[in-house]
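What follows is a short report on a single structure.
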Amino acid sequence: MIEKNFKNLDEQIEIFKYKGLTVSDEKYAKKVLLRENYFFLNGYRHLFVLSEEDKRFKEGATFEELYSLFLFDRSFRNILFKYLLVIENNLKSIMSYQLSKKYGYRERDYLKAKNFTSEPSRQAQLNDLLKKMKRQIRVNGAQHTATVHYASNYGYIPLWILVKVLSFGIVSELYQVLKPEDQKEIANIYEVTPSTMITYLPILANYRNLCAHEDILYENKTQKAIDDTVYHQLLRIKKVDEEYVQGKNDLFALIIIMKQLLLQEDFKNMVLELDHVIETLDYNLHTIQITEVLNRMGFPVNWKDIANIERSFTNEEEE
């Protein structure tokens, strides 16, 4: 196994220069590398190199351009994270309201297995999930301010309090094991089908975690693609072999999901914020075009038009 040795800041800059990157202000570059980490910054090189085989930088590519893409991704990630948290909070509020109304507000009532799906293939998942939720009650019952308040003053923790300490991933799983009629009632609020919600929620949870941990966002691809939507059609996204080439398992697919789940005003504000950071990056790029970045993200050139498309109602009766 080849061992990766430590490289000091001077050596890191020399590696960049050896690969053809222009570093005009080495003092500035050292400050950036010290704070941001060579490994993470180098992760944004792909659009600036000649090819995946020839990893030399394109002629004229600069350290400032590379760092601009890094900062763009951070800004984009922070904006999406803010609105993903809005979706997460809305979903937790809606689910806790609907389930508390139907099954009660004490954990001994709302966590009964009979309140959830009876589908045999889901029973192992259901049992595991109920254990996770009960564990959260035990752990947070003595740590989280709200849960401590309810546990000490009322002797129980209602679902609308418990959801505040549940991860988006657990809430996503919770939806999957609800009774079909409960899934439908919640999906109706978002004007989508339960199967669409089941597809969307794990994708949202994965992106939420990606944003929280500052992973590379702009070129991320998901394992599962979303179904075709009216937005693909109205934006005239290109097809190859009858399949849309954008907005399926890329970052624009996330935008489509958020279009469906956010309030219209929130979505329009998000688009404005995202467009601003795209324009900033466009101003700072010289070696590559902004369209290359957008294409890597799965964004069609007319992506902003999605903000003005009326939200699609997709809650047809399922077979």
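Residue numbering restarts at 1 for every chain of the structure tokens, chains are lettered A, B, ... in their displayed order, and ligands are numbered from 1 as they appear.
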
Please run DSSP on the backbone and report, as an mmCIF file with C-alpha atoms, in the first residue's frame, all residues within region 233-315 of chain A that come out as helix (DSSP H, G or I).
data_model
loop_
_atom_site.group_PDB
_atom_site.id
_atom_site.type_symbol
_atom_site.label_atom_id
_atom_site.label_comp_id
_atom_site.auth_asym_id
_atom_site.auth_seq_id
_atom_site.Cartn_x
_atom_site.Cartn_y
_atom_site.Cartn_z
ATOM 1 C CA GLN A 233 -41.463 18.798 -19.464
ATOM 2 C CA LEU A 234 -42.116 22.532 -19.094
ATOM 3 C CA LEU A 251 -28.679 18.448 -7.681
ATOM 4 C CA PHE A 252 -31.476 19.805 -9.852
ATOM 5 C CA ALA A 253 -33.580 16.797 -8.830
ATOM 6 C CA LEU A 254 -33.284 18.140 -5.278
ATOM 7 C CA ILE A 255 -34.493 21.545 -6.497
ATOM 8 C CA ILE A 256 -37.535 19.857 -8.060
ATOM 9 C CA ILE A 257 -38.284 18.052 -4.787
ATOM 10 C CA MET A 258 -37.983 21.295 -2.851
ATOM 11 C CA LYS A 259 -40.262 23.004 -5.356
ATOM 12 C CA GLN A 260 -42.935 20.485 -4.430
ATOM 13 C CA LEU A 261 -42.469 20.610 -0.649
ATOM 14 C CA GLN A 264 -44.100 29.076 -3.031
ATOM 15 C CA GLU A 265 -42.723 32.201 -1.337
ATOM 16 C CA ASP A 266 -39.928 30.234 0.351
ATOM 17 C CA PHE A 267 -39.041 28.514 -2.900
ATOM 18 C CA LYS A 268 -38.841 31.791 -4.829
ATOM 19 C CA ASN A 269 -36.620 33.300 -2.146
ATOM 20 C CA MET A 270 -34.349 30.258 -2.326
ATOM 21 C CA VAL A 271 -34.043 30.566 -6.109
ATOM 22 C CA LEU A 272 -33.093 34.239 -5.787
ATOM 23 C CA GLU A 273 -30.390 33.403 -3.245
ATOM 24 C CA LEU A 274 -29.021 30.553 -5.350
ATOM 25 C CA ASP A 275 -28.985 32.702 -8.479
ATOM 26 C CA HIS A 276 -26.917 35.328 -6.663
ATOM 27 C CA VAL A 277 -24.135 32.885 -5.780
ATOM 28 C CA ILE A 278 -24.184 31.508 -9.336
ATOM 29 C CA GLU A 279 -23.711 35.039 -10.702
ATOM 30 C CA THR A 280 -20.849 35.622 -8.265
ATOM 31 C CA LEU A 281 -19.096 32.460 -9.436
ATOM 32 C CA ASP A 282 -19.676 33.395 -13.081
ATOM 33 C CA TYR A 283 -17.875 36.693 -12.466
ATOM 34 C CA ASN A 284 -14.872 34.882 -10.938
ATOM 35 C CA ILE A 290 -20.513 28.860 -15.757
ATOM 36 C CA THR A 291 -22.541 26.555 -18.029
ATOM 37 C CA GLU A 292 -19.996 23.801 -17.350
ATOM 38 C CA VAL A 293 -20.646 24.119 -13.625
ATOM 39 C CA LEU A 294 -24.429 24.174 -14.117
ATOM 40 C CA ASN A 295 -24.247 21.117 -16.343
ATOM 41 C CA ARG A 296 -22.271 19.292 -13.648
ATOM 42 C CA MET A 297 -25.087 20.146 -11.235
ATOM 43 C CA TRP A 303 -33.412 26.554 -14.404
ATOM 44 C CA LYS A 304 -34.715 29.775 -12.799
ATOM 45 C CA ASP A 305 -37.993 29.437 -14.692
ATOM 46 C CA ILE A 306 -39.037 26.699 -12.279
ATOM 47 C CA ALA A 307 -39.750 29.421 -9.712
ATOM 48 C CA ASN A 308 -42.594 30.772 -11.854
#

_Shell of 12 Å around Tyr200 (chain A), only C-alpha atoms, local chain residues under 2 positions omitted, as a ChimeraX atom specification_ = /A:87,169,172-173,175-176,187,190,192-198,202-207,222,224-227,248-249,253-261

*Closest of A:Val177, A:Ile157, A:Val86, A:Val148 to Phe116 (chain A) - atom-to-atom distances counting only C-alpha atoms*: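 Looking at the shortest contact to Phe116 (chain A), the residue is A:Val177.
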
*asked:* Env of Asn89 (chain A): 12 Å cut, atoms = only C-alpha atoms, seq-sep filter 3 positions within chain, self excluded. Answer as a list of chain:residue names.
replied: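 Those residues are A:Lys82, A:Tyr83, A:Leu84, A:Leu85, A:Val86, A:Lys92, A:Ser93, A:Ile94, A:Met95, A:Ser96, A:Trp160, A:Ile161, A:Val163, A:Lys164, A:Val165, A:Leu166, A:Ser167, A:Phe168, A:Val171, A:Leu261, A:Leu262.
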
Enumerate, in order of chain and increasing residue number, the residues of region 54-111 of chain A with an atom no farther than 12 Å from region 3-22 of chain A, each with its shortest atom pair and distance in Å to one decimal, counting only C-alpha atoms, as CSV.
residue,atom,partner,partner_atom,distance
A:Asp54,CA,A:Lys19,CA,9.8
A:Lys55,CA,A:Lys19,CA,7.3
A:Arg56,CA,A:Lys19,CA,4.8
A:Phe57,CA,A:Gly20,CA,5.0
A:Lys58,CA,A:Gly20,CA,7.2
A:Glu59,CA,A:Gly20,CA,7.1
A:Gly60,CA,A:Thr22,CA,6.8
A:Ala61,CA,A:Leu21,CA,5.6
A:Thr62,CA,A:Thr22,CA,4.5
A:Phe63,CA,A:Thr22,CA,6.0
A:Glu64,CA,A:Thr22,CA,8.7
A:Glu65,CA,A:Thr22,CA,9.7
A:Leu66,CA,A:Leu21,CA,9.1
A:Tyr67,CA,A:Leu21,CA,11.8
